[in-house]
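Printed here is query26.tsv (TSV, C-alpha atoms):
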```tsv
chain	number	residue	atom	x	y	z
A	1	MET	CA	122.98	93.50	99.70
A	2	SER	CA	121.77	96.85	98.47
A	3	ASP	CA	119.48	98.27	95.80
A	4	SER	CA	118.85	95.97	92.87
A	5	GLY	CA	117.44	98.85	90.83
A	6	SER	CA	113.92	99.42	89.62
A	7	ASP	CA	113.59	96.13	87.70
A	8	HIS	CA	110.64	94.05	88.91
A	9	THR	CA	110.69	91.42	86.19
A	10	ALA	CA	113.37	88.91	87.21
A	11	LYS	CA	112.84	88.06	90.85
A	12	ALA	CA	114.96	86.06	93.23
A	13	VAL	CA	113.22	83.35	95.23
A	14	LEU	CA	114.02	82.19	98.74
A	15	PRO	CA	113.63	78.50	99.57
A	16	PRO	CA	110.62	77.56	101.71
A	17	ALA	CA	111.06	78.61	105.33
A	18	ARG	CA	112.24	75.94	107.73
A	19	LYS	CA	112.23	76.12	111.49
A	20	ARG	CA	115.81	76.47	112.70
A	21	PRO	CA	117.23	76.80	116.20
A	22	ARG	CA	118.72	80.18	117.07
A	23	LEU	CA	122.47	80.02	116.52
A	24	ALA	CA	125.24	81.87	118.26
A	25	ALA	CA	126.64	84.94	116.53
A	26	GLY	CA	128.82	83.94	113.61
A	27	ARG	CA	127.41	80.40	113.37
A	28	ALA	CA	124.21	81.05	111.47
A	29	ARG	CA	124.18	80.18	107.77
A	30	ALA	CA	123.88	83.38	105.76
A	31	MET	CA	120.50	83.54	104.02
A	32	GLY	CA	119.80	85.63	100.94
A	33	LEU	CA	121.46	86.63	97.71
A	34	PRO	CA	123.98	89.40	97.00
A	35	THR	CA	122.55	92.40	95.18
A	36	ARG	CA	124.01	95.17	93.10
A	37	GLY	CA	125.69	96.85	96.06
A	38	THR	CA	125.40	100.43	94.89
A	39	THR	CA	125.07	103.14	97.50
A	40	ASN	CA	125.68	106.84	97.96
A	41	ALA	CA	126.60	109.00	100.90
A	42	ASN	CA	123.49	110.40	102.64
A	43	ARG	CA	121.26	108.03	100.73
A	44	LEU	CA	119.61	106.72	103.90
A	45	ARG	CA	119.41	110.03	105.77
A	46	ARG	CA	115.60	110.00	105.78
A	47	VAL	CA	115.19	106.68	107.54
A	48	ASP	CA	118.13	107.54	109.84
A	49	ARG	CA	116.43	110.75	110.94
A	50	TRP	CA	113.27	108.76	111.64
A	51	LEU	CA	115.26	106.26	113.70
A	52	VAL	CA	116.79	109.07	115.75
A	53	ALA	CA	113.39	110.69	116.25
A	54	THR	CA	111.48	107.52	117.18
A	55	GLN	CA	113.76	104.67	118.24
A	56	VAL	CA	116.30	106.22	120.62
A	57	PRO	CA	114.20	105.34	123.73
A	58	ARG	CA	114.03	101.70	122.60
A	59	LEU	CA	117.82	101.62	122.27
A	60	ARG	CA	118.47	103.46	125.53
A	61	ASP	CA	116.28	100.99	127.42
A	62	ALA	CA	118.12	97.98	126.00
A	63	THR	CA	120.77	96.13	128.00
A	64	ARG	CA	122.80	95.96	124.80
A	65	PRO	CA	121.85	98.67	122.28
A	66	LEU	CA	122.74	96.68	119.18
A	67	VAL	CA	121.73	97.80	115.68
A	68	VAL	CA	122.19	95.70	112.55
A	69	ASP	CA	122.57	97.38	109.17
A	70	LEU	CA	121.65	94.63	106.75
A	71	GLY	CA	123.00	94.87	103.22
A	72	TYR	CA	125.22	97.94	103.38
A	73	GLY	CA	126.53	97.34	99.87
A	74	ALA	CA	129.94	97.89	98.32
A	75	SER	CA	130.84	100.74	100.69
A	76	ALA	CA	130.60	101.21	104.45
A	77	VAL	CA	129.44	104.81	104.10
A	78	THR	CA	125.78	104.41	105.08
A	79	THR	CA	126.66	102.17	108.03
A	80	LEU	CA	129.16	104.73	109.31
A	81	GLU	CA	126.55	107.47	108.88
A	82	LEU	CA	124.12	105.42	110.96
A	83	VAL	CA	126.75	105.10	113.72
A	84	SER	CA	127.33	108.85	113.64
A	85	ARG	CA	123.65	109.77	113.74
A	86	LEU	CA	122.65	107.37	116.52
A	87	GLY	CA	125.90	107.36	118.47
A	88	ASP	CA	125.48	110.82	119.97
A	89	GLU	CA	122.07	109.80	121.31
A	90	VAL	CA	122.72	106.29	122.63
A	91	ASP	CA	125.50	105.43	125.09
A	92	GLY	CA	127.22	102.16	124.31
A	93	LEU	CA	125.71	101.92	120.84
A	94	GLU	CA	126.91	98.99	118.74
A	95	VAL	CA	126.29	98.81	114.99
A	96	VAL	CA	127.08	95.71	112.94
A	97	GLY	CA	126.95	95.90	109.17
A	98	LEU	CA	126.04	92.60	107.52
A	99	GLU	CA	126.72	91.57	103.95
A	100	ILE	CA	126.28	88.18	102.37
A	101	ASP	CA	129.30	88.72	100.10
A	102	PRO	CA	132.55	88.00	102.02
A	103	GLU	CA	134.51	90.20	99.63
A	104	ARG	CA	132.41	93.21	100.60
A	105	VAL	CA	133.06	92.49	104.27
A	106	ALA	CA	136.78	92.20	103.64
A	107	SER	CA	136.81	95.46	101.69
A	108	VAL	CA	135.65	97.51	104.72
A	109	GLU	CA	138.14	96.04	107.19
A	110	ALA	CA	139.73	99.47	107.71
A	111	ASP	CA	136.36	100.86	108.85
A	112	ARG	CA	135.97	98.39	111.73
A	113	ASP	CA	136.09	99.81	115.24
A	114	PRO	CA	134.46	97.17	117.44
A	115	PRO	CA	132.36	97.18	119.47
A	116	ARG	CA	131.12	100.57	118.21
A	117	VAL	CA	131.07	99.46	114.57
A	118	ASP	CA	131.83	96.10	113.04
A	119	PHE	CA	131.19	94.25	109.79
A	120	ARG	CA	130.37	90.56	109.35
A	121	VAL	CA	129.09	88.08	106.81
A	122	GLY	CA	125.37	87.58	107.25
A	123	GLY	CA	121.95	87.70	105.67
A	124	PHE	CA	118.33	87.51	106.73
A	125	GLU	CA	119.21	85.27	109.68
A	126	LEU	CA	121.15	88.30	111.06
A	127	ALA	CA	124.30	86.21	111.65
A	128	GLY	CA	122.88	84.86	114.90
A	129	LEU	CA	122.79	88.31	116.48
A	130	GLN	CA	119.84	89.53	118.53
A	131	PRO	CA	119.59	93.22	117.62
A	132	VAL	CA	117.27	95.82	119.08
A	133	VAL	CA	116.89	97.51	115.69
A	134	VAL	CA	117.52	96.27	112.16
A	135	ARG	CA	117.77	98.63	109.21
A	136	ALA	CA	117.28	96.67	105.98
A	137	PHE	CA	117.12	99.02	103.03
A	138	ASN	CA	117.04	98.20	99.32
A	139	VAL	CA	117.58	94.49	99.95
A	140	LEU	CA	114.19	92.96	99.02
A	141	ARG	CA	113.42	94.58	95.68
A	142	GLN	CA	114.94	91.66	93.77
A	143	TYR	CA	112.74	89.10	95.52
A	144	ASP	CA	109.22	88.01	94.67
A	145	GLU	CA	106.50	88.94	97.14
A	146	GLU	CA	106.29	85.52	98.79
A	147	SER	CA	110.05	85.35	99.30
A	148	ALA	CA	110.12	88.89	100.68
A	149	ALA	CA	107.44	87.90	103.20
A	150	ARG	CA	109.55	84.94	104.31
A	151	ALA	CA	112.53	87.26	104.68
A	152	TRP	CA	110.41	89.47	106.97
A	153	GLN	CA	109.55	86.44	109.09
A	154	THR	CA	113.16	85.30	109.28
A	155	MET	CA	114.46	88.71	110.33
A	156	CYS	CA	111.70	89.30	112.87
A	157	ALA	CA	112.31	85.89	114.43
A	158	ALA	CA	115.98	86.83	114.92
A	159	LEU	CA	115.26	90.13	116.71
A	160	GLY	CA	116.11	90.56	120.35
A	161	ALA	CA	113.33	91.02	122.88
A	162	GLY	CA	111.31	94.10	122.01
A	163	GLY	CA	113.24	94.52	118.77
A	164	LEU	CA	112.16	96.34	115.61
A	165	LEU	CA	112.83	95.70	111.93
A	166	VAL	CA	112.76	98.70	109.58
A	167	GLU	CA	112.58	97.48	105.98
A	168	GLY	CA	112.24	99.76	103.00
A	169	THR	CA	113.51	101.19	99.79
A	170	CYS	CA	114.65	104.54	98.44
A	171	ASP	CA	115.92	106.12	95.25
A	172	GLU	CA	119.61	106.46	94.45
A	173	TRP	CA	119.93	109.86	96.13
A	174	GLY	CA	117.62	109.36	99.09
A	175	ARG	CA	115.05	111.94	98.01
A	176	ARG	CA	112.19	109.42	97.98
A	177	ALA	CA	111.80	106.59	100.46
A	178	THR	CA	109.23	104.34	102.07
A	179	TRP	CA	109.63	101.82	104.86
A	180	VAL	CA	107.70	99.41	107.04
A	181	ALA	CA	108.33	98.99	110.77
A	182	LEU	CA	107.79	95.45	112.06
A	183	ASP	CA	108.16	93.60	115.34
A	184	GLU	CA	107.77	89.93	116.16
A	185	SER	CA	103.99	90.26	115.68
A	186	GLY	CA	104.36	91.56	112.10
A	187	PRO	CA	104.04	94.90	110.29
A	188	LEU	CA	103.09	97.92	112.40
A	189	THR	CA	103.35	101.03	110.21
A	190	LEU	CA	104.17	102.33	106.76
A	191	THR	CA	106.16	105.55	106.42
A	192	LEU	CA	106.42	107.74	103.33
A	193	SER	CA	109.24	110.28	103.19
A	194	ALA	CA	110.31	112.60	100.40
A	195	LYS	CA	111.89	115.86	99.46
A	196	ALA	CA	108.54	117.53	98.81
A	197	SER	CA	109.90	119.83	96.13
A	198	ASP	CA	110.93	116.72	94.18
A	199	LEU	CA	107.34	115.48	93.86
A	200	GLU	CA	104.59	116.26	91.40
A	201	ARG	CA	102.19	114.43	93.72
A	202	PRO	CA	102.56	112.11	96.74
A	203	SER	CA	101.70	109.02	94.69
A	204	ASP	CA	105.04	109.49	92.92
A	205	LEU	CA	106.32	107.50	95.91
A	206	ALA	CA	104.41	104.43	94.70
A	207	GLU	CA	107.44	103.22	92.77
A	208	ARG	CA	109.33	102.99	96.08
A	209	LEU	CA	106.71	101.04	98.01
A	210	PRO	CA	108.00	97.95	99.83
A	211	LYS	CA	107.63	94.62	98.09
A	212	ALA	CA	104.60	93.75	100.24
A	213	LEU	CA	102.67	96.69	98.75
A	214	ILE	CA	104.13	97.69	95.39
A	215	HIS	CA	102.06	95.25	93.34
A	216	HIS	CA	98.90	96.08	95.31
A	217	ASN	CA	98.73	99.72	94.30
A	218	VAL	CA	95.63	99.08	92.20
A	219	PRO	CA	91.97	100.11	92.57
A	220	GLY	CA	90.24	98.22	95.35
A	221	GLN	CA	93.36	97.91	97.50
A	222	PRO	CA	93.84	100.02	100.66
A	223	VAL	CA	97.27	101.36	99.75
A	224	HIS	CA	95.87	102.65	96.46
A	225	ALA	CA	93.04	104.37	98.31
A	226	PHE	CA	95.52	105.95	100.70
A	227	LEU	CA	97.70	107.32	97.90
A	228	GLN	CA	94.65	108.59	96.03
A	229	ALA	CA	93.47	110.39	99.18
A	230	PHE	CA	96.94	111.84	99.63
A	231	ASP	CA	96.98	113.09	96.04
A	232	ALA	CA	93.56	114.69	96.49
A	233	ALA	CA	94.69	116.39	99.69
A	234	TRP	CA	97.85	117.57	97.90
A	235	ALA	CA	95.78	119.07	95.10
A	236	ALA	CA	93.47	120.80	97.59
A	237	ALA	CA	96.50	122.24	99.38
A	238	ALA	CA	97.93	123.82	96.21
A	239	GLY	CA	97.50	127.29	97.70
A	240	PHE	CA	100.12	126.47	100.35
A	241	SER	CA	102.75	126.25	97.61
A	242	THR	CA	103.20	129.99	98.06
A	243	PHE	CA	104.81	129.18	101.41
A	244	GLY	CA	106.85	126.29	100.08
A	245	PRO	CA	106.47	122.56	99.34
A	246	ARG	CA	107.00	121.54	102.98
A	247	GLN	CA	104.00	123.63	104.03
A	248	ARG	CA	101.94	122.07	101.27
A	249	TRP	CA	102.97	118.57	102.42
A	250	THR	CA	102.09	119.43	106.04
A	251	ALA	CA	98.67	120.77	105.04
A	252	SER	CA	98.03	117.64	102.99
A	253	VAL	CA	98.87	115.33	105.88
A	254	GLU	CA	96.69	117.39	108.22
A	255	ALA	CA	93.82	116.81	105.79
A	256	LEU	CA	94.46	113.06	105.82
A	257	ALA	CA	94.31	113.07	109.62
A	258	GLU	CA	91.03	114.98	109.52
A	259	GLN	CA	89.63	112.38	107.11
A	260	GLY	CA	90.31	109.68	109.69
A	261	TRP	CA	93.41	108.02	108.30
A	262	PRO	CA	95.22	106.50	111.32
A	263	LEU	CA	98.45	108.48	111.27
A	264	VAL	CA	101.13	107.74	113.84
A	265	GLY	CA	103.73	109.89	115.55
A	266	SER	CA	104.39	113.54	116.09
A	267	SER	CA	103.15	116.12	113.61
A	268	ARG	CA	106.65	117.60	113.76
A	269	ARG	CA	107.73	114.83	111.40
A	270	TRP	CA	105.34	116.13	108.74
A	271	ARG	CA	107.46	119.22	108.22
A	272	HIS	CA	110.29	116.91	107.15
A	273	GLY	CA	108.24	115.56	104.25
A	274	GLU	CA	107.26	112.46	106.20
A	275	THR	CA	104.08	110.72	107.28
A	276	THR	CA	103.44	107.40	108.99
A	277	VAL	CA	100.20	105.42	108.80
A	278	ARG	CA	99.17	102.27	110.63
A	279	TRP	CA	99.76	99.14	108.61
A	280	GLU	CA	96.20	97.87	108.92
A	281	ALA	CA	95.02	100.91	106.95
A	282	VAL	CA	97.13	100.02	103.90
A	283	ALA	CA	97.65	96.25	104.16
A	284	PRO	CA	96.61	94.20	101.11
A	285	VAL	CA	93.18	92.61	101.16
```
File written out as structure tokens:
Amino acid sequence: MSDSGSDHTAKAVLPPARKRPRLAAGRARAMGLPTRGTTNANRLRRVDRWLVATQVPRLRDATRPLVVDLGYGASAVTTLELVSRLGDEVDGLEVVGLEIDPERVASVEADRDPPRVDFRVGGFELAGLQPVVVRAFNVLRQYDEESAARAWQTMCAALGAGGLLVEGTCDEWGRRATWVALDESGPLTLTLSAKASDLERPSDLAERLPKALIHHNVPGQPVHAFLQAFDAAWAAAAGFSTFGPRQRWTASVEALAEQGWPLVGSSRRWRHGETTVRWEAVAPV
């Protein structure tokens, strides 16, 4: 389960949600469809850096700091990178990579080192696990919006107490990414992250918006207003280009904050070409 590409015409559909009892690990029926499976080393570095910067306390406080990497694709590389990036920060970290295709699970047998890192067959039901954090990247682009929403609900219902789902999408090389953080109550924030020098304007990230937002980037919708405001702030900050694209990005985000957009997190993240806004400011209406 990895990126299905940029096609938004033929969409997979999940069956209507049914209430199911929580099953023990390994007993849950895998939900979802296999995707293209492509991945590249360092592709998910942006969301991984965000996880290290923001979610380490959540993991350290957990009795069992379990992370699920849903849909790692045809290679274990991004799962192993996640282990490396979080492992130095969290004692006793466990990462389980889930794939709905048994052949993909079998192909990474040599990369297993349980309990630190393991690989299992599983889908949106999270294989009966109760993780503290779930990273689900490039797995919902092939689904229609309604099915993607049901997948959110299924994954959030499977989280452990106080758990967080991070669902998003990025380009093939990880230079442009967006993701939504959700807990059992629903979406909390939207994060945009990019190599600033790779952008003509911030709204270039629109093509990477999560399924819940990508078709709502039209006049009259909050996410469109946010991206338009970001573009205007970017244009006004053109003079900062002399100091580099990161400085221009930072100045643009500072302008958004001054305009009253409800940004979340430390301003230190802005220098990494990242900004996070509360979900209610961009949610579809």
Taking all atoms listed in the file into account, which of A:Ser252, A:Thr275, A:Thr54, A:Gln228 comes nearest Ala194 (chain A)?
->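 For Ala194 (chain A), the nearest of the candidates is A:Thr275.
With only C-alpha atoms as the basis for measurement, A:Ser75 is the residue among A:Gly122, A:Pro57, A:Val285, A:Ser75 that approaches Ala110 (chain A) most closely.
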Nearest to Ala232 (chain A) among A:Thr63, A:Asn42, A:Thr276, A:Gln259, with distances taken over only C-alpha atoms: which residue is it?
->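 Smallest distance to Ala232 (chain A) is found for A:Gln259.
Ranking A:Arg141, A:His216, A:Arg116, A:Arg45 by their shortest atom-to-atom distance to Val77 (chain A), with all atoms listed in the file included, puts A:Arg45 first.
Around Ala225 (chain A), within 12 Å and counting all atoms listed in the file, the residues found are Ser203, Ala206, His216, Asn217, Val218, Pro219, Gly220, Gln221, Pro222, Val223, Leu227, Gln228, Ala229, Phe230, Asp231, Ala232, Leu256, Trp261, Ala281, Val282, Ala283 and Pro284 of chain A, once anything fewer than 2 positions away on its own chain is removed.
Taking CA of Pro202 (chain A) as the reference point, CA of Gln153 (chain A) is found at 29.3 Å.
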Skip Gly163 (chain A) itself and residues of its chain fewer than 4 positions away, then list as an MDAnalysis selection string all residues within 9 Å of it, counting all atoms listed in the file.
-> chainID A and resid 58 130:134 156 159 182:184
Between CA of Ala148 (chain A) and CA of Leu165 (chain A) - distance in Å to one decimal = 13.4 Å
Have a look at A:Ser107, A:Glu274, A:Thr154, A:Ala161 and name the one nearest to Ala53 (chain A); count all atoms listed in the file.
->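 Distance minimum relative to Ala53 (chain A) lands on A:Glu274.
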Quick one, how far is CA of Asp111 (chain A) from CA of Asn40 (chain A)?
->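 Going from CA of Asp111 (chain A) over to CA of Asn40 (chain A), I get 16.4 Å.
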Which of A:Trp234, A:Trp249, A:Tyr143, A:Phe119 sits closest to Val105 (chain A) [using all atoms listed in the file] |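 Of all the options, A:Phe119 lies closest to Val105 (chain A).
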With a distance cut-off of 7 Å and only C-alpha atoms, select the neighbouring residues of Leu44 (chain A), excluding the residue or stretch itself and same-chain residues fewer than 2 positions from it, and output the selection as a PyMOL selection string.
-> chain A and resi 42+46-48+78+174
Protein and nucleic acid residues near (106.6, 106.9, 108.1) (cut-off 12 Å, all atoms listed in the file) as a PyMOL selection string | chain A and resi 46-51+53-54+166-168+176-181+188-194+209+253+262-267+269-270+272-279
